[in-house]
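Colleague: Have a look at the structure that comes next, please.
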Amino acid sequence: MLFVAAAAAATTLEETYDRTFDVRPGALFALENTNGHITIRSWDQARIRVIGHKKVESRDSNAARQAMAALKIDAIPSAGGLRVTTNYPKRSDGGFFDWLSGTNVSMNVEYDIAVPRTMDINLDNTNGGIDISDVSGALQVSNTNGHIECLRCAGSMDAETTNGSVRAELISVTPGKKISLETTNGRVAVTVPSSIAATVDASTTNGSINTDLPITTNHMSHHSVRGTVNGGGAELRLRSTNGSIEIRTK
């Protein structure tokens, strides 16, 4: 579905991609994007619904139309799961995309995804926040400019961004699997079960660390904490450069 809004100084094009795929719960869902917010939520179906809201803005209406035509969402079933790639127009040698890169064209795709409650997740974004809720599995999330938030999730998690906060609420964790949360400019906050058995390694350069975990410490200072919880186990690694770190139990 294509929506066109033309103003005196700009053209805005919007198009919605909406498809549903049969998958095997527990398999991998992977998504690559560059510009746009990503929301992942669970539902009680053995299917993945992918809704992608494509938006292009430009003062040149012809450039906007050609950019929209070139902005593609590719979804490929793989090993019982699904891989989604957002293909943005790239530069070429003297062709349309070289000309396009010199115009004021803005492109983004915002995703709203429904996945089975048990699903491994791999997300890679550049500009835009990432929100995940009520999913159990191995969660791997990479971002650059935007927050990462994971609520009421379970399993293991590896999440990293540069500019933005990282927040994870884990109702249960996979024994022996590492949890790693990291940002450069932002706060890191994690909530874990009180029964977690882990080796804690948390540090920040410009910020404080607060925790209510009963950590048997090997090292503790205002900026770093290392030790074990419930006898130790897989690593709980938390890092920030400019931001505080908070560890809570539930």
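Each chain in the structure tokens gets a letter, A, B, ..., in the order shown, and its residues are numbered from 1; ligands are numbered from 1 in order too.
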Which of segment 68-245 of chain A counts as helix (DSSP H, G or I) under DSSP, as a PDB file with N, CA and C atoms, in the first residue's frame please?
Modeller:
```pdb
ATOM      1  N   MET A  68      11.838   5.145  -3.279  1.00  0.00           N
ATOM      2  CA  MET A  68      10.872   4.195  -2.734  1.00  0.00           C
ATOM      3  C   MET A  68      10.892   2.890  -3.523  1.00  0.00           C
ATOM      4  N   ALA A  69      11.002   2.990  -4.837  1.00  0.00           N
ATOM      5  CA  ALA A  69      11.033   1.792  -5.676  1.00  0.00           C
ATOM      6  C   ALA A  69      12.274   0.949  -5.390  1.00  0.00           C
ATOM      7  N   ALA A  70      13.366   1.610  -4.999  1.00  0.00           N
ATOM      8  CA  ALA A  70      14.621   0.896  -4.751  1.00  0.00           C
ATOM      9  C   ALA A  70      14.764   0.406  -3.313  1.00  0.00           C
ATOM     10  N   PHE A  96      21.954   6.556 -11.218  1.00  0.00           N
ATOM     11  CA  PHE A  96      20.880   7.215 -10.464  1.00  0.00           C
ATOM     12  C   PHE A  96      21.228   7.371  -8.989  1.00  0.00           C
ATOM     13  N   PHE A  97      21.835   6.360  -8.386  1.00  0.00           N
ATOM     14  CA  PHE A  97      22.047   6.407  -6.947  1.00  0.00           C
ATOM     15  C   PHE A  97      23.160   7.379  -6.567  1.00  0.00           C
ATOM     16  N   ASP A  98      24.102   7.625  -7.468  1.00  0.00           N
ATOM     17  CA  ASP A  98      25.065   8.693  -7.216  1.00  0.00           C
ATOM     18  C   ASP A  98      24.354  10.039  -7.199  1.00  0.00           C
ATOM     19  N   TRP A  99      23.458  10.232  -8.151  1.00  0.00           N
ATOM     20  CA  TRP A  99      22.688  11.476  -8.170  1.00  0.00           C
ATOM     21  C   TRP A  99      21.790  11.579  -6.939  1.00  0.00           C
ATOM     22  N   LEU A 100      21.182  10.442  -6.561  1.00  0.00           N
ATOM     23  CA  LEU A 100      20.290  10.430  -5.411  1.00  0.00           C
ATOM     24  C   LEU A 100      21.019  10.822  -4.133  1.00  0.00           C
ATOM     25  N   SER A 101      22.265  10.342  -3.981  1.00  0.00           N
ATOM     26  CA  SER A 101      23.011  10.621  -2.754  1.00  0.00           C
ATOM     27  C   SER A 101      23.316  12.098  -2.595  1.00  0.00           C
TER      28      SER A 101
END
```
Colleague: Excluding same-chain residues fewer than 6 positions from Thr118 of chain A, what lies within 6 Å of it counting only C-alpha atoms, as a PDB file with C-alpha atoms, in the first residue's frame?
Modeller:
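That gives us result06.pdb:
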```pdb
ATOM      1  CA  PRO A  25       9.282 -22.096  17.323  1.00  0.00           C
ATOM      2  CA  GLY A  26      12.810 -22.035  18.740  1.00  0.00           C
ATOM      3  CA  VAL A 135      10.338 -13.614  24.022  1.00  0.00           C
ATOM      4  CA  SER A 136      12.324 -16.620  25.259  1.00  0.00           C
ATOM      5  CA  GLY A 137      15.531 -17.621  23.467  1.00  0.00           C
TER       6      GLY A 137
END
```
Colleague: Please indicate the distance in Å from atom CA of Leu151 of chain A to atom CA of Val200 of chain A, rounded to one decimal place.
Modeller: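 About the pair atom CA of Leu151 of chain A and atom CA of Val200 of chain A: they are 20.8 Å apart.
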Colleague: Between atom CA of Pro89 of chain A and atom CA of Asn108 of chain A, what distance in Å does the model show, to one decimal?
Modeller: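 Value for the atom CA of Pro89 of chain A-atom CA of Asn108 of chain A distance: 11.3 Å.
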Colleague: List every residue of segment 27-241 of chain A that DSSP, applied to the backbone, labels as strand (DSSP E), and write the result as a ChimeraX atom specification.
Modeller: /A:28-32,38-43,47-58,72-78,81-87,105-116,120-124,130-133,136-142,148-160,166-173,179-182,188-192,198-206,209-211,216-220,224-229,234-241
Colleague: Closest to Leu236 of chain A among A:Ala30, A:Met220, A:Leu213, A:Ala198, using only C-alpha atoms?
Modeller: A:Ala198
Colleague: Give me the residues within 7 Å of segment 61-67 of chain A as number ranges by chain, counting only C-alpha atoms and dropping any in the same chain fewer than 4 places off.
Modeller: A: 11, 56-57, 71, 89, 100, 105
Colleague: Skip Thr241 of chain A itself and residues of its chain fewer than 5 positions away, then list as a ChimeraX atom specification all residues within 6 Å of it, counting only C-alpha atoms.
Modeller: /A:184,204-206
Colleague: Which residue out of A:Ser224, A:Ser58, A:Ser180, A:Asn33 has the minimum interatomic distance to Leu13 of chain A when only C-alpha atoms are used?
Modeller: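 Of A:Ser224, A:Ser58, A:Ser180, A:Asn33, the one nearest Leu13 of chain A is A:Ser58, counting only C-alpha atoms.
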Colleague: Kindly indicate which residue among A:Asp60, A:Glu235, A:Glu15, A:Glu160 lies nearest to Asn122 of chain A, using only C-alpha atoms for the distances.
Modeller: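 For Asn122 of chain A, the nearest of the given residues is A:Glu160.
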